[in-house]
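Q: Let me begin by handing over the structure; questions about it come next.
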Amino acid sequence: MNMKELIAKRAAEELTPHSIINLGIGIPTLVPDYLDQSKYYLHTENGLLGVTSVDEEDVDPLLVNAGKLPVGEAVGASYFHSADSFAMIRGGHVDVAILGALQVDGNGMVANWAIPGKDIIGVGGAMDLLSGAQKIIITMGHVSKDGSPKFVERCTFPITAERIADVIITDLAVFHWRDGGYELTELMGDATLEEVKGKTTAGFRIGESLLQKESSR
């Protein structure tokens, strides 16, 4: 299992059956591979509730998600105008949004739409999802390609919204926002506490259960 698959599998464990879930581009699109899709309602902001995976031989080039990737439609799926889709998001009717990020900081702010000095693709639905979804899960590599931390003290890239991310899942660790700050609740794979500390500039607490687990080693 590669790094992206590991993160996606762990993100799937955060989901409650029968919830409405919006998946961002990148790692979030792998999450359905680890779900019983009959028990979850996947939403795409271009206007479909009831998104499913699709076999290559069944691909319809006119049926895509917001990231322009081919998707299928579940029994009972519903189509609607993009404006209605965003009304669902802004109205708080999406239970969970799973998004990628360029940076997340210790205050819970997310930057995932622009890198200064580079071409801007566009903010897409991320701004609305961060503001409107009931729960925000961020999935990302712990460091960027040049090795710099992505979980930082303060975002240096433009933030997407002022909503705090509830959960951060990287290839090294899982953090939950609790009592006004992030708590390290789990180490991923073979990651060590020292490695996470060395590759993170954001402040965080270590969860009691993880402390006990580490002290028993």
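In the structure tokens, chains take letters A, B, ... by order of appearance, with residues numbered from 1 within each chain and ligands from 1 in the order shown.
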Could you give me, as a short mmCIF file (atom, residue, chain, number, x, y, z; two decimals) with C-alpha atoms, in the first residue's frame, the residues within 10 Å of segment 118-133 of chain A, counting only C-alpha atoms and dropping anything in the same chain fewer than 3 positions from it?
A:
```
data_model
loop_
_atom_site.label_atom_id
_atom_site.label_comp_id
_atom_site.auth_asym_id
_atom_site.auth_seq_id
_atom_site.Cartn_x
_atom_site.Cartn_y
_atom_site.Cartn_z
CA ILE A 20 -23.14 12.84 2.88
CA ILE A 21 -19.48 13.20 1.91
CA ASN A 22 -17.76 15.52 -0.55
CA LEU A 23 -14.38 14.42 -1.86
CA GLY A 24 -11.73 16.85 -3.04
CA THR A 44 -19.75 16.24 -6.07
CA GLU A 45 -20.25 19.99 -6.28
CA ASN A 46 -20.91 19.98 -10.01
CA ALA A 66 -15.74 18.24 -10.09
CA GLY A 67 -12.15 17.15 -10.77
CA PHE A 86 -23.51 24.90 -3.60
CA ALA A 87 -26.69 25.78 -1.72
CA MET A 88 -26.46 22.30 -0.16
CA ILE A 89 -22.86 22.98 0.85
CA ARG A 90 -23.44 26.51 2.14
CA GLY A 91 -26.58 25.42 3.92
CA GLY A 92 -24.70 22.87 6.02
CA HIS A 93 -26.18 19.79 4.37
CA VAL A 94 -22.83 18.12 3.61
CA ASP A 95 -21.73 16.09 6.62
CA VAL A 96 -18.05 15.68 5.76
CA ALA A 97 -15.62 17.24 3.29
CA ILE A 98 -12.32 15.46 2.68
CA LEU A 99 -9.84 17.85 1.12
CA GLY A 100 -6.19 18.02 0.19
CA ALA A 101 -3.98 20.88 1.35
CA MET A 109 -6.26 27.31 8.95
CA VAL A 110 -6.05 25.55 5.59
CA ALA A 111 -4.24 26.76 2.46
CA ASN A 112 -5.07 24.65 -0.58
CA TRP A 113 -5.72 26.83 -3.60
CA ALA A 114 -2.71 28.98 -4.49
CA ILE A 115 1.08 29.09 -4.28
CA ILE A 136 -13.44 18.84 7.66
CA ILE A 137 -10.82 16.13 7.13
CA ILE A 159 -5.64 30.56 3.35
CA THR A 160 -8.81 29.16 1.83
CA ALA A 161 -11.23 29.99 4.66
CA GLU A 162 -11.22 30.80 8.37
CA ARG A 163 -12.74 27.46 9.29
CA ILE A 164 -10.67 25.16 11.50
CA ALA A 165 -9.88 21.71 10.07
#
```
Q: Would you list the contacts of Lys213 of chain A as a PyMOL selection string, taking every protein, DNA or RNA residue within 12 Å and counting only C-alpha atoms, but skipping same-chain residues closer than 3 positions in sequence?
A: chain A and resi 185-187+192-193+206-210+216-217
Q: Calculate how many Å separate atom CA of Val51 of chain A from atom CA of Leu6 of chain A, rounding to one decimal.
A: 22.0 Å
Q: Mind the document's chain letters and residue numbers, and return as a PyMOL selection string the residues of chain A that DSSP labels strand (DSSP E).
A: chain A and resi 20-23+41-44+48-52+72-79+96-99+103-105+110-111+135-139+151-152+167-169+173-178+181-187+205-206
Q: How many Å lie between atom CA of Gly141 of chain A and atom CA of Glu183 of chain A, rounded to one decimal?
A: 17.8 Å
Q: Just the residues within 12 Å of Gly198 of chain A, please, counting only C-alpha atoms, with nothing from its chain fewer than 2 positions along; format it as a PyMOL selection string.
A: chain A and resi 142-143+147-149+151-152+172+191-196+200-203
Q: From a DSSP pass on the backbone, collect the residues of chain A flagged as alpha helix (DSSP H) and hand them back as a PyMOL selection string.
A: chain A and resi 3-12+82-90+126-132+193-198+208-215
Q: Suppose we keep N, CA and C atoms; can you now write the selection as a CSV table (one decimal), in the first residue's frame?
A:
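Listed below is the output, out_14.csv:
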```
chain,number,residue,atom,x,y,z
A,3,MET,N,1.7,5.5,0.0
A,3,MET,CA,1.5,6.6,0.9
A,3,MET,C,0.0,7.1,0.8
A,4,LYS,N,-0.4,7.4,-0.5
A,4,LYS,CA,-1.7,8.0,-0.7
A,4,LYS,C,-2.8,7.0,-0.3
A,5,GLU,N,-2.6,5.7,-0.6
A,5,GLU,CA,-3.6,4.7,-0.2
A,5,GLU,C,-3.7,4.6,1.3
A,6,LEU,N,-2.6,4.6,2.0
A,6,LEU,CA,-2.5,4.6,3.4
A,6,LEU,C,-3.4,5.7,4.0
A,7,ILE,N,-3.2,6.9,3.5
A,7,ILE,CA,-3.9,8.1,4.0
A,7,ILE,C,-5.4,7.9,3.7
A,8,ALA,N,-5.7,7.5,2.5
A,8,ALA,CA,-7.1,7.4,2.1
A,8,ALA,C,-7.9,6.3,3.0
A,9,LYS,N,-7.2,5.2,3.2
A,9,LYS,CA,-7.8,4.2,4.1
A,9,LYS,C,-8.1,4.7,5.5
A,10,ARG,N,-7.1,5.4,6.0
A,10,ARG,CA,-7.3,6.0,7.4
A,10,ARG,C,-8.4,7.0,7.4
A,11,ALA,N,-8.5,7.8,6.3
A,11,ALA,CA,-9.6,8.8,6.3
A,11,ALA,C,-11.0,8.1,6.2
A,12,ALA,N,-11.1,7.0,5.6
A,12,ALA,CA,-12.4,6.3,5.5
A,12,ALA,C,-12.8,5.8,6.9
A,82,SER,N,-25.6,23.2,-10.5
A,82,SER,CA,-24.4,23.5,-9.7
A,82,SER,C,-24.8,24.5,-8.6
A,83,ALA,N,-25.7,25.4,-8.9
A,83,ALA,CA,-26.1,26.4,-7.9
A,83,ALA,C,-26.8,25.8,-6.7
A,84,ASP,N,-27.6,24.7,-7.0
A,84,ASP,CA,-28.3,24.0,-5.9
A,84,ASP,C,-27.3,23.2,-5.1
A,85,SER,N,-26.3,22.7,-5.8
A,85,SER,CA,-25.2,21.9,-5.1
A,85,SER,C,-24.5,22.8,-4.1
A,86,PHE,N,-24.2,24.0,-4.5
A,86,PHE,CA,-23.5,24.9,-3.6
A,86,PHE,C,-24.4,25.4,-2.5
A,87,ALA,N,-25.7,25.4,-2.8
A,87,ALA,CA,-26.7,25.8,-1.7
A,87,ALA,C,-26.7,24.7,-0.7
A,88,MET,N,-26.6,23.4,-1.1
A,88,MET,CA,-26.5,22.3,-0.2
A,88,MET,C,-25.2,22.5,0.7
A,89,ILE,N,-24.1,22.8,0.1
A,89,ILE,CA,-22.9,23.0,0.8
A,89,ILE,C,-23.0,24.2,1.8
A,90,ARG,N,-23.4,25.3,1.3
A,90,ARG,CA,-23.4,26.5,2.1
A,90,ARG,C,-24.5,26.4,3.2
A,126,ALA,N,-13.5,24.5,-2.7
A,126,ALA,CA,-12.9,24.4,-1.4
A,126,ALA,C,-13.3,25.4,-0.4
A,127,MET,N,-13.4,26.7,-0.8
A,127,MET,CA,-13.8,27.8,0.1
A,127,MET,C,-15.2,27.5,0.7
A,128,ASP,N,-16.1,27.1,-0.2
A,128,ASP,CA,-17.5,26.8,0.3
A,128,ASP,C,-17.5,25.6,1.2
A,129,LEU,N,-16.8,24.6,0.8
A,129,LEU,CA,-16.8,23.3,1.6
A,129,LEU,C,-16.2,23.6,3.0
A,130,LEU,N,-15.1,24.3,3.1
A,130,LEU,CA,-14.5,24.6,4.4
A,130,LEU,C,-15.4,25.4,5.3
A,131,SER,N,-16.3,26.2,4.6
A,131,SER,CA,-17.2,27.1,5.4
A,131,SER,C,-18.5,26.3,5.8
A,132,GLY,N,-18.9,25.4,4.9
A,132,GLY,CA,-20.2,24.8,5.1
A,132,GLY,C,-20.3,23.4,5.6
A,193,LEU,N,7.5,9.1,16.8
A,193,LEU,CA,7.2,10.4,17.4
A,193,LEU,C,8.3,11.5,17.1
A,194,GLU,N,9.5,11.0,17.1
A,194,GLU,CA,10.7,11.9,16.8
A,194,GLU,C,10.6,12.4,15.4
A,195,GLU,N,10.2,11.5,14.5
A,195,GLU,CA,10.1,11.9,13.1
A,195,GLU,C,9.0,12.9,12.9
A,196,VAL,N,7.9,12.7,13.5
A,196,VAL,CA,6.8,13.7,13.4
A,196,VAL,C,7.2,15.1,13.9
A,197,LYS,N,7.8,15.1,15.1
A,197,LYS,CA,8.3,16.3,15.7
A,197,LYS,C,9.3,17.0,14.8
A,198,GLY,N,10.2,16.3,14.1
A,198,GLY,CA,11.2,16.9,13.3
A,198,GLY,C,10.7,17.4,12.0
A,208,GLU,N,-3.1,11.2,25.2
A,208,GLU,CA,-2.8,10.4,26.4
A,208,GLU,C,-2.6,8.9,26.0
A,209,SER,N,-3.5,8.4,25.1
A,209,SER,CA,-3.4,7.0,24.7
A,209,SER,C,-2.1,6.8,24.0
A,210,LEU,N,-1.7,7.7,23.1
A,210,LEU,CA,-0.5,7.5,22.4
A,210,LEU,C,0.7,7.6,23.3
A,211,LEU,N,0.7,8.5,24.3
A,211,LEU,CA,1.8,8.6,25.2
A,211,LEU,C,2.0,7.3,26.0
A,212,GLN,N,0.8,6.7,26.4
A,212,GLN,CA,0.9,5.4,27.1
A,212,GLN,C,1.5,4.3,26.2
A,213,LYS,N,1.0,4.3,24.9
A,213,LYS,CA,1.5,3.3,24.0
A,213,LYS,C,3.0,3.5,23.7
A,214,GLU,N,3.5,4.7,23.6
A,214,GLU,CA,4.9,5.0,23.4
A,214,GLU,C,5.7,4.6,24.6
A,215,SER,N,5.2,4.9,25.8
A,215,SER,CA,6.0,4.6,27.0
A,215,SER,C,6.1,3.1,27.3
```
Q: Kindly indicate which residue among A:Leu42, A:Val167, A:Leu184, A:Ala74 lies nearest to Thr139 of chain A, using only C-alpha atoms for the distances.
A: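 Residue with the minimum atom-to-atom distance to Thr139 of chain A: A:Val167.
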Q: Report the distance between atom CA of Gly106 of chain A and atom CA of Ile138 of chain A in Å, rounded to one decimal place.
A: 13.3 Å
Q: Nearest residue to Val75 of chain A out of A:Lys39, A:Val104, A:Gly47, A:Tyr34, using only C-alpha atoms?
A: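 Counting only C-alpha atoms, the residue closest to Val75 of chain A is A:Lys39.
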